[in-house]
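Chemist: My structure file upload_25.txt, compact mmCIF, C-alpha atoms, is below:
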```txt
# COMPACT_ATOMS: atom_id res chain seq x y z
CA MET Q 1464 1.21 4.41 -5.83
CA GLU Q 1465 -1.44 6.54 -4.19
CA GLU Q 1466 -1.68 8.32 -0.83
CA ILE Q 1467 -5.43 8.88 -1.30
CA PRO Q 1468 -7.01 6.22 -3.53
CA GLN Q 1469 -9.01 7.41 -6.51
CA LEU Q 1470 -12.02 5.44 -7.71
CA LYS Q 1471 -11.22 6.13 -11.38
CA VAL Q 1472 -9.15 8.44 -13.55
CA SER Q 1473 -10.59 10.36 -16.48
CA GLY Q 1474 -9.48 12.30 -19.53
CA LYS Q 1475 -6.09 14.00 -19.30
CA ASP Q 1476 -5.55 12.55 -15.79
CA MET Q 1477 -5.18 9.12 -17.40
CA LYS Q 1478 -1.77 10.26 -18.70
CA HIS Q 1479 -0.51 10.44 -15.11
CA LEU Q 1480 0.73 7.28 -13.38
CA PRO Q 1481 1.92 7.87 -9.78
CA CYS Q 1482 5.31 6.22 -9.29
CA ILE Q 1483 8.06 6.10 -6.65
CA ASN Q 1484 11.62 5.27 -7.65
CA ASP Q 1485 13.82 3.37 -5.19
CA ALA Q 1486 10.81 2.50 -3.05
CA TRP Q 1487 9.72 0.11 -0.31
CA LEU Q 1488 6.33 -1.54 -0.03
CA ALA Q 1489 5.04 -3.26 3.12
CA ILE Q 1490 2.36 -5.95 3.18
CA GLU Q 1491 0.80 -7.41 6.30
CA HIS Q 1492 -1.57 -10.38 5.98
CA ASP Q 1493 -3.61 -9.58 2.84
CA LYS Q 1494 -3.37 -5.77 2.87
CA ILE Q 1495 -0.92 -3.05 1.86
CA VAL Q 1496 0.14 -1.29 5.07
CA GLY Q 1497 2.79 1.15 3.90
CA PHE Q 1498 5.09 2.37 1.15
CA GLY Q 1499 7.58 5.14 0.51
CA LYS Q 1500 11.10 6.00 -0.59
CA MET Q 1501 13.92 3.78 0.68
CA GLN Q 1502 15.67 6.82 2.14
CA ASP Q 1503 12.70 7.18 4.51
CA TRP Q 1504 12.68 3.53 5.59
CA GLU Q 1505 14.79 3.87 8.76
CA GLY Q 1506 12.69 4.55 11.78
CA ILE Q 1507 9.51 3.21 10.21
CA ALA Q 1508 7.57 0.99 12.68
CA ASP Q 1509 9.45 -1.71 14.55
CA TRP Q 1510 8.55 -4.52 12.21
CA THR Q 1511 10.27 -7.83 12.97
CA ASN Q 1512 10.38 -11.22 11.27
CA LEU Q 1513 10.02 -9.60 7.88
CA THR Q 1514 10.12 -11.59 4.67
CA VAL Q 1515 12.07 -9.36 2.29
CA ILE Q 1516 11.78 -9.50 -1.49
CA ASP Q 1517 14.53 -7.61 -3.29
CA ALA Q 1518 13.07 -5.91 -6.36
CA THR Q 1519 16.19 -3.98 -7.38
CA ASP Q 1520 15.88 -2.75 -11.00
CA LYS Q 1521 12.42 -4.32 -11.19
CA LEU Q 1522 8.93 -2.82 -11.14
CA VAL Q 1523 6.25 -3.48 -8.55
CA MET Q 1524 2.86 -2.98 -10.19
CA PRO Q 1525 -0.74 -3.28 -8.98
CA SER Q 1526 -2.32 -6.44 -10.33
CA TYR Q 1527 -4.49 -6.01 -13.41
CA CYS Q 1528 -8.27 -6.09 -13.08
CA ASP Q 1529 -10.10 -7.81 -15.95
CA SER Q 1530 -13.68 -6.56 -15.93
CA HIS Q 1531 -15.04 -8.54 -18.91
CA THR Q 1532 -14.48 -12.26 -19.54
CA HIS Q 1533 -16.35 -15.40 -20.57
CA ILE Q 1534 -13.82 -17.95 -19.33
CA VAL Q 1535 -16.28 -20.61 -18.21
CA TYR Q 1536 -16.82 -22.51 -21.45
CA ALA Q 1537 -16.60 -25.99 -22.96
CA GLY Q 1538 -14.40 -26.60 -25.97
CA SER Q 1539 -12.65 -24.24 -28.36
CA ARG Q 1540 -13.75 -22.67 -31.65
CA GLU Q 1541 -10.64 -22.66 -33.81
CA GLY Q 1542 -12.75 -23.96 -36.71
CA GLU Q 1543 -14.56 -20.62 -36.82
CA PHE Q 1544 -11.19 -18.88 -36.69
CA VAL Q 1545 -10.32 -20.65 -39.94
CA ASP Q 1546 -13.78 -19.84 -41.38
CA ARG Q 1547 -13.12 -16.13 -40.83
CA ILE Q 1548 -9.72 -16.43 -42.51
CA ASN Q 1549 -11.59 -17.94 -45.45
CA GLY Q 1550 -13.91 -14.94 -45.65
CA LEU Q 1551 -16.99 -15.69 -43.52
CA THR Q 1552 -18.24 -12.88 -41.27
CA TYR Q 1553 -19.13 -13.16 -37.57
CA GLU Q 1554 -22.82 -12.86 -38.52
CA GLU Q 1555 -22.58 -15.53 -41.24
CA ILE Q 1556 -20.93 -17.96 -38.81
CA PHE Q 1557 -23.71 -17.26 -36.29
CA GLU Q 1558 -26.39 -17.91 -38.92
CA ARG Q 1559 -24.80 -21.33 -39.56
CA GLY Q 1560 -25.17 -22.27 -35.89
CA GLY Q 1561 -21.70 -21.12 -34.92
CA GLY Q 1562 -20.59 -18.44 -32.53
CA ILE Q 1563 -22.42 -18.21 -29.22
CA LEU Q 1564 -24.86 -20.99 -30.22
CA ASN Q 1565 -21.91 -23.31 -30.87
CA SER Q 1566 -20.55 -22.68 -27.38
CA ALA Q 1567 -24.04 -23.11 -25.89
CA LYS Q 1568 -24.41 -26.52 -27.54
CA LYS Q 1569 -21.08 -27.68 -26.08
CA LEU Q 1570 -21.70 -26.25 -22.63
CA ARG Q 1571 -25.08 -27.90 -22.19
CA VAL Q 1572 -23.49 -31.37 -22.31
CA ALA Q 1573 -20.47 -30.49 -20.13
CA SER Q 1574 -20.51 -31.31 -16.42
CA GLU Q 1575 -19.93 -28.76 -13.69
CA GLU Q 1576 -16.73 -30.61 -12.78
CA GLU Q 1577 -15.39 -30.33 -16.35
CA LEU Q 1578 -16.23 -26.63 -16.49
CA ILE Q 1579 -14.60 -25.95 -13.11
CA GLU Q 1580 -11.42 -27.79 -14.08
CA SER Q 1581 -10.95 -25.99 -17.40
CA ALA Q 1582 -11.88 -22.55 -16.02
CA LEU Q 1583 -9.50 -22.98 -13.08
CA GLU Q 1584 -6.66 -23.62 -15.54
CA ARG Q 1585 -7.49 -20.36 -17.32
CA LEU Q 1586 -7.72 -18.46 -14.02
CA ASN Q 1587 -4.29 -19.73 -13.01
CA GLU Q 1588 -2.94 -18.75 -16.43
CA VAL Q 1589 -4.16 -15.13 -16.23
CA MET Q 1590 -3.09 -14.85 -12.59
CA MET Q 1591 0.50 -15.65 -13.56
CA GLN Q 1592 0.17 -13.02 -16.32
CA GLY Q 1593 -0.64 -10.36 -13.72
CA ALA Q 1594 -4.42 -10.45 -13.13
CA GLY Q 1595 -5.64 -10.06 -9.56
CA ALA Q 1596 -9.39 -9.60 -10.05
CA ILE Q 1597 -11.67 -10.87 -12.80
CA GLU Q 1598 -15.29 -10.77 -13.89
CA ILE Q 1599 -16.81 -13.93 -15.39
CA LYS Q 1600 -20.08 -14.05 -17.35
CA SER Q 1601 -22.59 -16.78 -17.98
CA GLY Q 1602 -24.28 -16.67 -21.39
CA TYR Q 1603 -23.24 -19.95 -22.99
CA GLY Q 1604 -26.12 -21.79 -21.31
CA LEU Q 1605 -29.17 -20.04 -22.81
CA SER Q 1606 -31.51 -22.26 -20.78
CA THR Q 1607 -32.46 -22.06 -17.14
CA GLU Q 1608 -30.64 -25.27 -16.27
CA SER Q 1609 -27.43 -24.39 -18.11
CA GLU Q 1610 -27.30 -20.72 -17.08
CA LEU Q 1611 -27.65 -21.77 -13.44
CA LYS Q 1612 -24.96 -24.40 -14.01
CA MET Q 1613 -22.56 -21.75 -15.30
CA LEU Q 1614 -23.26 -19.37 -12.43
CA ARG Q 1615 -22.84 -22.17 -9.86
CA VAL Q 1616 -19.49 -22.97 -11.46
CA ILE Q 1617 -18.46 -19.31 -11.10
CA LYS Q 1618 -19.60 -19.35 -7.45
CA LYS Q 1619 -17.44 -22.44 -6.87
CA LEU Q 1620 -14.47 -20.79 -8.59
CA LYS Q 1621 -14.71 -17.94 -6.08
CA THR Q 1622 -13.83 -20.47 -3.36
CA LEU Q 1623 -11.13 -22.31 -5.34
CA SER Q 1624 -9.16 -19.39 -6.79
CA PRO Q 1625 -7.27 -16.72 -4.81
CA LEU Q 1626 -8.39 -14.17 -7.42
CA THR Q 1627 -11.22 -11.77 -6.60
CA ILE Q 1628 -14.08 -12.89 -8.87
CA LYS Q 1629 -17.32 -11.12 -9.83
CA ALA Q 1630 -20.18 -13.02 -11.53
CA THR Q 1631 -22.41 -11.71 -14.32
CA PHE Q 1632 -25.68 -13.19 -15.59
CA LEU Q 1633 -25.66 -12.94 -19.40
CA GLY Q 1634 -28.68 -15.04 -20.31
CA ALA Q 1635 -29.42 -12.38 -22.93
CA HIS Q 1636 -26.26 -13.26 -24.89
CA ALA Q 1637 -28.23 -14.64 -27.84
CA VAL Q 1638 -31.64 -16.14 -28.57
CA PRO Q 1639 -31.33 -19.94 -28.34
CA THR Q 1640 -32.32 -22.08 -31.31
CA GLU Q 1641 -35.52 -23.35 -29.68
CA TYR Q 1642 -36.76 -19.74 -29.30
CA LYS Q 1643 -35.58 -18.56 -32.73
CA ASN Q 1644 -39.13 -17.61 -33.77
CA ASN Q 1645 -40.32 -16.46 -30.36
CA LYS Q 1646 -37.82 -14.09 -28.77
CA ARG Q 1647 -40.55 -12.64 -26.55
CA ALA Q 1648 -41.00 -15.99 -24.85
CA TYR Q 1649 -37.25 -16.22 -24.20
CA ILE Q 1650 -37.14 -12.73 -22.66
CA ASP Q 1651 -40.04 -13.76 -20.42
CA LEU Q 1652 -38.08 -16.87 -19.43
CA LEU Q 1653 -35.05 -14.71 -18.51
CA ILE Q 1654 -37.14 -12.42 -16.33
CA THR Q 1655 -39.74 -14.71 -14.75
CA GLU Q 1656 -37.80 -17.97 -14.34
CA MET Q 1657 -34.03 -17.45 -14.50
CA MET Q 1658 -33.72 -14.22 -12.51
CA PRO Q 1659 -35.72 -15.39 -9.46
CA ALA Q 1660 -33.68 -18.61 -9.32
CA ILE Q 1661 -30.40 -16.67 -9.59
CA ALA Q 1662 -31.48 -14.25 -6.88
CA GLU Q 1663 -32.53 -17.08 -4.57
CA GLU Q 1664 -29.03 -18.62 -4.72
CA ARG Q 1665 -27.26 -15.22 -4.87
CA LEU Q 1666 -25.35 -16.31 -7.96
CA ALA Q 1667 -24.77 -13.02 -9.82
CA ASP Q 1668 -23.42 -9.56 -9.06
CA TYR Q 1669 -24.33 -8.15 -12.49
CA CYS Q 1670 -26.80 -8.60 -15.32
CA ASP Q 1671 -25.61 -8.10 -18.90
CA VAL Q 1672 -27.26 -7.97 -22.34
CA PHE Q 1673 -25.82 -8.22 -25.85
CA CYS Q 1674 -27.52 -5.18 -27.38
CA GLU Q 1675 -26.97 -5.67 -31.10
CA GLN Q 1676 -28.85 -6.17 -34.37
CA ASN Q 1677 -30.11 -9.78 -34.58
CA TYR Q 1678 -29.67 -10.14 -30.81
CA PHE Q 1679 -31.47 -7.74 -28.41
CA THR Q 1680 -32.79 -4.25 -29.15
CA LYS Q 1681 -32.26 -1.14 -27.05
CA GLU Q 1682 -35.80 -1.43 -25.68
CA GLU Q 1683 -35.38 -5.12 -24.84
CA THR Q 1684 -32.04 -4.35 -23.20
CA ILE Q 1685 -33.64 -1.73 -20.94
CA GLU Q 1686 -36.46 -4.14 -20.04
CA ILE Q 1687 -34.11 -7.01 -19.14
CA LEU Q 1688 -31.65 -4.86 -17.17
CA THR Q 1689 -34.43 -3.08 -15.29
CA ALA Q 1690 -35.78 -6.47 -14.24
CA GLY Q 1691 -32.27 -7.58 -13.24
CA LYS Q 1692 -31.94 -4.56 -10.95
CA LYS Q 1693 -35.09 -5.65 -9.10
CA TYR Q 1694 -33.30 -8.92 -8.36
CA GLY Q 1695 -30.18 -7.17 -7.06
CA MET Q 1696 -28.05 -7.37 -10.21
CA THR Q 1697 -26.23 -4.20 -11.33
CA PRO Q 1698 -26.52 -3.60 -15.11
CA LYS Q 1699 -23.73 -4.01 -17.68
CA VAL Q 1700 -24.09 -3.92 -21.48
CA HIS Q 1701 -22.37 -5.39 -24.54
CA ALA Q 1702 -22.74 -2.19 -26.56
CA GLU Q 1703 -21.94 -0.96 -30.08
CA GLN Q 1704 -19.73 -3.92 -31.04
CA LEU Q 1705 -20.98 -4.66 -34.56
CA SER Q 1706 -23.15 -1.57 -35.16
CA ASN Q 1707 -24.53 1.48 -33.40
CA SER Q 1708 -27.51 -0.27 -31.78
CA GLY Q 1709 -28.33 1.85 -28.73
CA GLY Q 1710 -26.60 -0.25 -26.08
CA THR Q 1711 -24.61 2.62 -24.60
CA LEU Q 1712 -27.63 4.88 -24.17
CA ALA Q 1713 -29.64 1.94 -22.80
CA GLY Q 1714 -26.91 1.28 -20.25
CA ILE Q 1715 -26.70 4.88 -19.15
CA GLU Q 1716 -30.50 5.03 -18.80
CA VAL Q 1717 -30.57 2.08 -16.39
CA GLY Q 1718 -27.43 3.12 -14.48
CA ALA Q 1719 -25.06 0.47 -15.85
CA ILE Q 1720 -21.67 0.26 -14.15
CA SER Q 1721 -20.07 -0.24 -17.57
CA VAL Q 1722 -20.79 -0.43 -21.29
CA ASP Q 1723 -18.34 -2.66 -23.12
CA HIS Q 1724 -16.92 -2.99 -26.67
CA LEU Q 1725 -17.86 0.44 -28.19
CA GLU Q 1726 -16.39 -0.11 -31.68
CA PHE Q 1727 -19.29 1.86 -33.18
CA VAL Q 1728 -19.81 4.43 -30.42
CA GLY Q 1729 -20.64 7.93 -31.71
CA ASN Q 1730 -20.58 11.54 -30.54
CA GLU Q 1731 -24.00 11.26 -28.87
CA GLU Q 1732 -22.86 8.29 -26.80
CA ILE Q 1733 -19.56 9.97 -25.85
CA LYS Q 1734 -21.41 13.04 -24.58
CA ALA Q 1735 -23.87 10.91 -22.64
CA LEU Q 1736 -21.05 8.90 -21.06
CA LYS Q 1737 -19.31 12.12 -20.01
CA ASP Q 1738 -22.42 13.09 -18.04
CA SER Q 1739 -22.82 9.66 -16.41
CA GLU Q 1740 -21.12 7.40 -13.86
CA THR Q 1741 -20.93 4.53 -16.40
CA MET Q 1742 -17.44 3.27 -17.33
CA ALA Q 1743 -16.63 3.09 -21.05
CA THR Q 1744 -14.82 -0.23 -21.51
CA ILE Q 1745 -12.90 -1.21 -24.61
CA LEU Q 1746 -12.02 -4.82 -25.48
CA PRO Q 1747 -9.02 -4.60 -27.84
CA GLY Q 1748 -8.51 -8.37 -27.97
CA ALA Q 1749 -11.91 -8.93 -29.60
CA ALA Q 1750 -11.49 -6.16 -32.17
CA PHE Q 1751 -8.00 -7.49 -32.95
CA PHE Q 1752 -9.11 -11.11 -33.30
CA LEU Q 1753 -12.24 -10.37 -35.35
CA GLY Q 1754 -10.65 -7.64 -37.46
CA LEU Q 1755 -13.27 -5.11 -36.38
CA PRO Q 1756 -12.89 -1.32 -36.50
CA PHE Q 1757 -11.29 0.03 -33.34
CA PRO Q 1758 -13.40 1.99 -30.85
CA PRO Q 1759 -12.41 5.68 -30.77
CA ALA Q 1760 -10.46 5.38 -27.52
CA ARG Q 1761 -8.26 8.40 -28.22
CA LYS Q 1762 -11.32 10.54 -28.98
CA MET Q 1763 -13.09 9.36 -25.82
CA ILE Q 1764 -10.14 10.11 -23.55
CA ASP Q 1765 -9.59 13.50 -25.19
CA ALA Q 1766 -13.28 14.24 -24.57
CA GLY Q 1767 -12.64 13.71 -20.86
CA LEU Q 1768 -13.94 10.16 -20.42
CA ALA Q 1769 -12.53 7.49 -18.17
CA ILE Q 1770 -11.67 4.40 -20.20
CA ALA Q 1771 -11.28 0.84 -18.93
CA ALA Q 1772 -9.79 -1.99 -20.97
CA ALA Q 1773 -10.52 -5.69 -20.48
CA SER Q 1774 -9.63 -8.93 -22.23
CA ASP Q 1775 -13.04 -10.36 -23.25
CA TYR Q 1776 -11.36 -13.77 -22.82
CA ASN Q 1777 -13.70 -16.19 -24.60
CA PRO Q 1778 -13.46 -19.11 -27.05
CA GLY Q 1779 -14.86 -17.37 -30.11
CA SER Q 1780 -13.72 -13.78 -30.41
CA SER Q 1781 -10.85 -13.25 -27.94
CA PRO Q 1782 -9.20 -16.49 -26.79
CA SER Q 1783 -6.61 -14.78 -24.57
CA GLY Q 1784 -6.62 -13.15 -21.16
CA ASN Q 1785 -3.08 -11.76 -21.37
CA ILE Q 1786 -3.38 -8.15 -20.21
CA ASN Q 1787 0.28 -7.50 -21.01
CA PHE Q 1788 -0.46 -8.05 -24.70
CA LEU Q 1789 -3.61 -5.95 -24.25
CA LEU Q 1790 -1.39 -3.03 -23.17
CA SER Q 1791 0.50 -3.38 -26.46
CA LEU Q 1792 -2.75 -3.28 -28.45
CA CYS Q 1793 -3.91 -0.18 -26.53
CA CYS Q 1794 -0.64 1.62 -27.26
CA ILE Q 1795 0.03 0.48 -30.83
CA GLN Q 1796 -3.47 0.32 -32.30
CA TYR Q 1797 -5.42 2.77 -30.12
CA LYS Q 1798 -2.66 5.38 -29.66
CA MET Q 1799 -3.04 5.31 -25.89
CA THR Q 1800 0.05 6.18 -23.86
CA PRO Q 1801 1.49 3.46 -21.60
CA GLU Q 1802 0.17 5.42 -18.61
CA GLU Q 1803 -3.34 5.52 -20.07
CA ALA Q 1804 -3.24 1.82 -20.90
CA ILE Q 1805 -2.08 0.86 -17.41
CA ASN Q 1806 -4.73 3.06 -15.77
CA ALA Q 1807 -7.33 1.48 -18.08
CA THR Q 1808 -6.39 -2.06 -17.01
CA THR Q 1809 -5.99 -1.36 -13.29
CA ILE Q 1810 -7.95 1.36 -11.47
CA ASN Q 1811 -10.56 1.98 -14.19
CA SER Q 1812 -11.22 -1.70 -14.81
CA ALA Q 1813 -11.49 -2.14 -11.04
CA TYR Q 1814 -14.17 0.59 -11.12
CA ALA Q 1815 -16.04 -1.40 -13.78
CA MET Q 1816 -16.33 -4.22 -11.20
CA ASP Q 1817 -17.09 -1.92 -8.23
CA LEU Q 1818 -13.70 -2.87 -6.79
CA SER Q 1819 -11.72 0.37 -7.03
CA LYS Q 1820 -11.96 0.99 -3.27
CA THR Q 1821 -9.97 -2.20 -2.67
CA HIS Q 1822 -8.17 -3.06 -5.95
CA GLY Q 1823 -6.54 -1.48 -8.97
CA SER Q 1824 -3.78 0.60 -7.35
CA ILE Q 1825 -1.14 0.47 -4.66
CA ALA Q 1826 -2.55 2.31 -1.65
CA VAL Q 1827 -2.56 1.75 2.10
CA GLY Q 1828 -5.49 -0.44 3.10
CA LYS Q 1829 -6.00 -1.93 -0.35
CA GLN Q 1830 -5.78 -5.61 -1.16
CA ALA Q 1831 -2.16 -6.75 -1.46
CA ASN Q 1832 -2.43 -7.82 -5.10
CA VAL Q 1833 0.76 -6.86 -6.94
CA PHE Q 1834 3.27 -8.34 -9.33
CA ILE Q 1835 7.01 -7.84 -9.71
CA THR Q 1836 8.58 -7.74 -13.14
CA LYS Q 1837 11.95 -9.00 -14.26
CA GLU Q 1838 14.68 -6.36 -14.55
CA ILE Q 1839 13.31 -3.85 -17.07
CA PRO Q 1840 14.04 -0.15 -17.69
CA GLY Q 1841 10.50 1.09 -17.02
CA TYR Q 1842 6.78 0.39 -17.36
CA SER Q 1843 6.71 1.44 -21.04
CA PHE Q 1844 8.86 -1.63 -21.70
CA ILE Q 1845 5.83 -3.86 -21.01
CA PRO Q 1846 3.71 -2.74 -24.02
CA TYR Q 1847 6.88 -2.13 -26.05
CA SER Q 1848 8.07 -5.74 -25.78
CA PHE Q 1849 4.79 -7.28 -26.96
CA GLY Q 1850 4.50 -11.01 -26.45
CA SER Q 1851 7.31 -11.20 -23.87
CA ASN Q 1852 6.73 -12.69 -20.43
CA LEU Q 1853 8.15 -10.03 -18.10
CA ILE Q 1854 6.40 -10.99 -14.86
CA GLU Q 1855 8.65 -12.71 -12.33
CA THR Q 1856 6.69 -12.75 -9.06
CA VAL Q 1857 2.93 -12.69 -8.43
CA ILE Q 1858 1.52 -11.74 -5.01
CA ILE Q 1859 -2.21 -12.23 -4.41
CA ASN Q 1860 -3.86 -11.44 -1.08
CA GLY Q 1861 -0.41 -10.88 0.39
CA LYS Q 1862 0.89 -14.33 -0.57
CA VAL Q 1863 3.53 -15.14 -3.18
CA ILE Q 1864 1.89 -17.47 -5.70
```
Would you mind writing the file out in structure tokens?
Modeler:
Amino acid sequence: MEEIPQLKVSGKDMKHLPCINDAWLAIEHDKIVGFGKMQDWEGIADWTNLTVIDATDKLVMPSYCDSHTHIVYAGSREGEFVDRINGLTYEEIFERGGGILNSAKKLRVASEEELIESALERLNEVMMQGAGAIEIKSGYGLSTESELKMLRVIKKLKTLSPLTIKATFLGAHAVPTEYKNNKRAYIDLLITEMMPAIAEERLADYCDVFCEQNYFTKEETIEILTAGKKYGMTPKVHAEQLSNSGGTLAGIEVGAISVDHLEFVGNEEIKALKDSETMATILPGAAFFLGLPFPPARKMIDAGLAIAAASDYNPGSSPSGNINFLLSLCCIQYKMTPEEAINATTINSAYAMDLSKTHGSIAVGKQANVFITKEIPGYSFIPYSFGSNLIETVIINGKVI
């Protein structure tokens, strides 16, 4: 709980999680209007007709913010999951027409109604697991028609779901099959045809690029994101997931709000991030599911960086949006403290969506997005008891879901 909301927490400050024991929290309409110790409750404003929720021996937590997902998709990819068990790499599966191209093929034949229905199920799932705000990317269309279809679906989801949703244009997720031998023509299509159409319908808050070998180079990433900025889309980058390919430095150069993945981030990138306003975002679910090396989260925090963590919920490399399990991965595999992990999935991930003024912590005036746990001894019990469902009550926009 915060008296004065912070926009993000960095370095050693991530080890601090403001808490009040034996507390009260007041919500009016969709906003937090007060909080404090129970001993100070008497004499507080003459509120009447209160609905009281007794949270004795339970925790009241700010809802998680998930700043990186791909949850609008058609069909699953468990076949590729089995292929990887049998020894194929992510790149080999992609070369065989799998991966992103597989999802693009399925999405192109799916209707908007089908995509809305399946995505809404996933949104409801993650909401009951504690999420209060979420970013959703396009990138499984890879054609003007299908990218616009995805972004229109996301726009519709904003009206159907109580969650706060941000939309990202990720046309530069991969080069589609029909442009396999002419990537330049596809980049021109992104910039001269897709972006103007997206801007006209105001479909995207952000523009993202998969900066990686065999996808888009650092120079191409800068070109695409610079064009996106001209159409009102703030840059984001898929950076350093499979190799050190320049995505982080490209993102910093164009003023990206976040660079995400970072498995292969190095000392140069860490120093550059320290001197920037760009949020370093790790995606432990994807590294876990693909068996990738872990990004050096401990090293980045110790160097003074702010770290966000998001689910990367998608059908191919991270088919889960459960932030509670993500906390366990952060603590067990990345050696982050529970406080660091919670800050990474709340206030810092809110920052990565430009929402930290309104979301990501419990503070007067912020959106009343919180959840109440079952009776547990403390917040460290959440990552400790991996796989357990400890959330009892979800409140979004001041309403019990």
Chemist: Pick out the residues sitting within 8 Å of Gly1634 of chain Q, and hand them over as a short mmCIF file (atom, residue, chain, number, x, y, z; two decimals) with C-alpha atoms, keeping the file's coordinate frame; count all atoms listed in the file, and ignore anything fewer than 5 positions along from it in its own chain.
Modeler:
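Dumped everything to out.cif:
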```
data_model
loop_
_atom_site.label_atom_id
_atom_site.label_comp_id
_atom_site.auth_asym_id
_atom_site.auth_seq_id
_atom_site.Cartn_x
_atom_site.Cartn_y
_atom_site.Cartn_z
CA SER Q 1601 -22.59 -16.78 -17.98
CA GLY Q 1602 -24.28 -16.67 -21.39
CA TYR Q 1603 -23.24 -19.95 -22.99
CA GLY Q 1604 -26.12 -21.79 -21.31
CA LEU Q 1605 -29.17 -20.04 -22.81
CA SER Q 1606 -31.51 -22.26 -20.78
CA GLU Q 1610 -27.30 -20.72 -17.08
CA LEU Q 1653 -35.05 -14.71 -18.51
CA ASP Q 1671 -25.61 -8.10 -18.90
CA VAL Q 1672 -27.26 -7.97 -22.34
#
```
Chemist: Tell me, as a list of chain:residue names, which residues lie within 10 Å of segment 1764-1768 of chain Q, counting all atoms listed in the file; anything in the same chain fewer than 6 positions away does not count.
Modeler: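 My reading of the contact set: Q:Val1472, Q:Ser1473, Q:Gly1474, Q:Lys1475, Q:Asp1476, Q:Met1477, Q:Lys1478, Q:Asn1730, Q:Ile1733, Q:Lys1734, Q:Leu1736, Q:Lys1737, Q:Asp1738, Q:Ser1739, Q:Thr1741, Q:Met1742, Q:Ala1743, Q:Met1799, Q:Glu1803.
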Chemist: State, in Å with one decimal place, the distance from atom CA of Val1589 of chain Q to atom CA of Thr1744 of chain Q.
Modeler: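 Spanning atom CA of Val1589 of chain Q to atom CA of Thr1744 of chain Q is a straight-line distance of 19.1 Å.
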Chemist: Hey, which bits of segment 1567-1605 of chain Q sit within 12 Å of segment 1615-1622 of chain Q, and for each residue what's the closest pair of atoms and how far apart in Å (one decimal), counting all atoms listed in the file, rows by chain and increasing number, as a Markdown table?
Modeler:
```
| residue | atom | partner | partner_atom | distance |
| --- | --- | --- | --- | --- |
| Q:Leu1570 | CA | Q:Val1616 | CA | 11.8 |
| Q:Ala1573 | CA | Q:Val1616 | CA | 11.5 |
| Q:Ser1574 | CA | Q:Val1616 | CA | 9.8 |
| Q:Glu1575 | CA | Q:Val1616 | CA | 6.2 |
| Q:Glu1576 | CA | Q:Val1616 | CA | 8.2 |
| Q:Glu1577 | CA | Q:Val1616 | CA | 9.7 |
| Q:Leu1578 | CA | Q:Val1616 | CA | 7.0 |
| Q:Ile1579 | CA | Q:Val1616 | CA | 6.0 |
| Q:Glu1580 | CA | Q:Leu1620 | CA | 9.4 |
| Q:Ser1581 | CA | Q:Leu1620 | CA | 10.8 |
| Q:Ala1582 | CA | Q:Leu1620 | CA | 8.1 |
| Q:Leu1583 | CA | Q:Leu1620 | CA | 7.0 |
| Q:Glu1584 | CA | Q:Leu1620 | CA | 10.8 |
| Q:Arg1585 | CA | Q:Leu1620 | CA | 11.2 |
| Q:Leu1586 | CA | Q:Leu1620 | CA | 9.0 |
| Q:Asn1587 | CA | Q:Leu1620 | CA | 11.1 |
| Q:Ala1596 | CA | Q:Lys1621 | CA | 10.7 |
| Q:Ile1597 | CA | Q:Lys1621 | CA | 10.2 |
| Q:Glu1598 | CA | Q:Ile1617 | CA | 9.5 |
| Q:Ile1599 | CA | Q:Ile1617 | CA | 7.1 |
| Q:Lys1600 | CA | Q:Ile1617 | CA | 8.3 |
| Q:Ser1601 | CA | Q:Ile1617 | CA | 8.4 |
| Q:Gly1604 | CA | Q:Arg1615 | CA | 11.9 |
```
Chemist: With distances taken over all atoms listed in the file, which of Q:Val1863, Q:Ala1769, Q:Ala1760, Q:Leu1755 is nearest to Phe1834 of chain Q?
Modeler: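 For Phe1834 of chain Q, the nearest of the given residues is Q:Val1863.
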Chemist: Identify, on the basis of all atoms listed in the file, every residue whose closest approach to Ala1719 of chain Q does not exceed 7 Å; exclude the query and any residue fewer than 6 positions from it along the same chain; express the result as a ChimeraX atom specification.
Modeler: /Q:1697-1699,1741
Chemist: Applying 9 Å and all atoms listed in the file, which residues near Asp1520 of chain Q remain after dropping the ones on its own chain fewer than 3 positions away? List them as a VMD selection string.
Modeler: chain Q and resid 1485 1837 to 1841
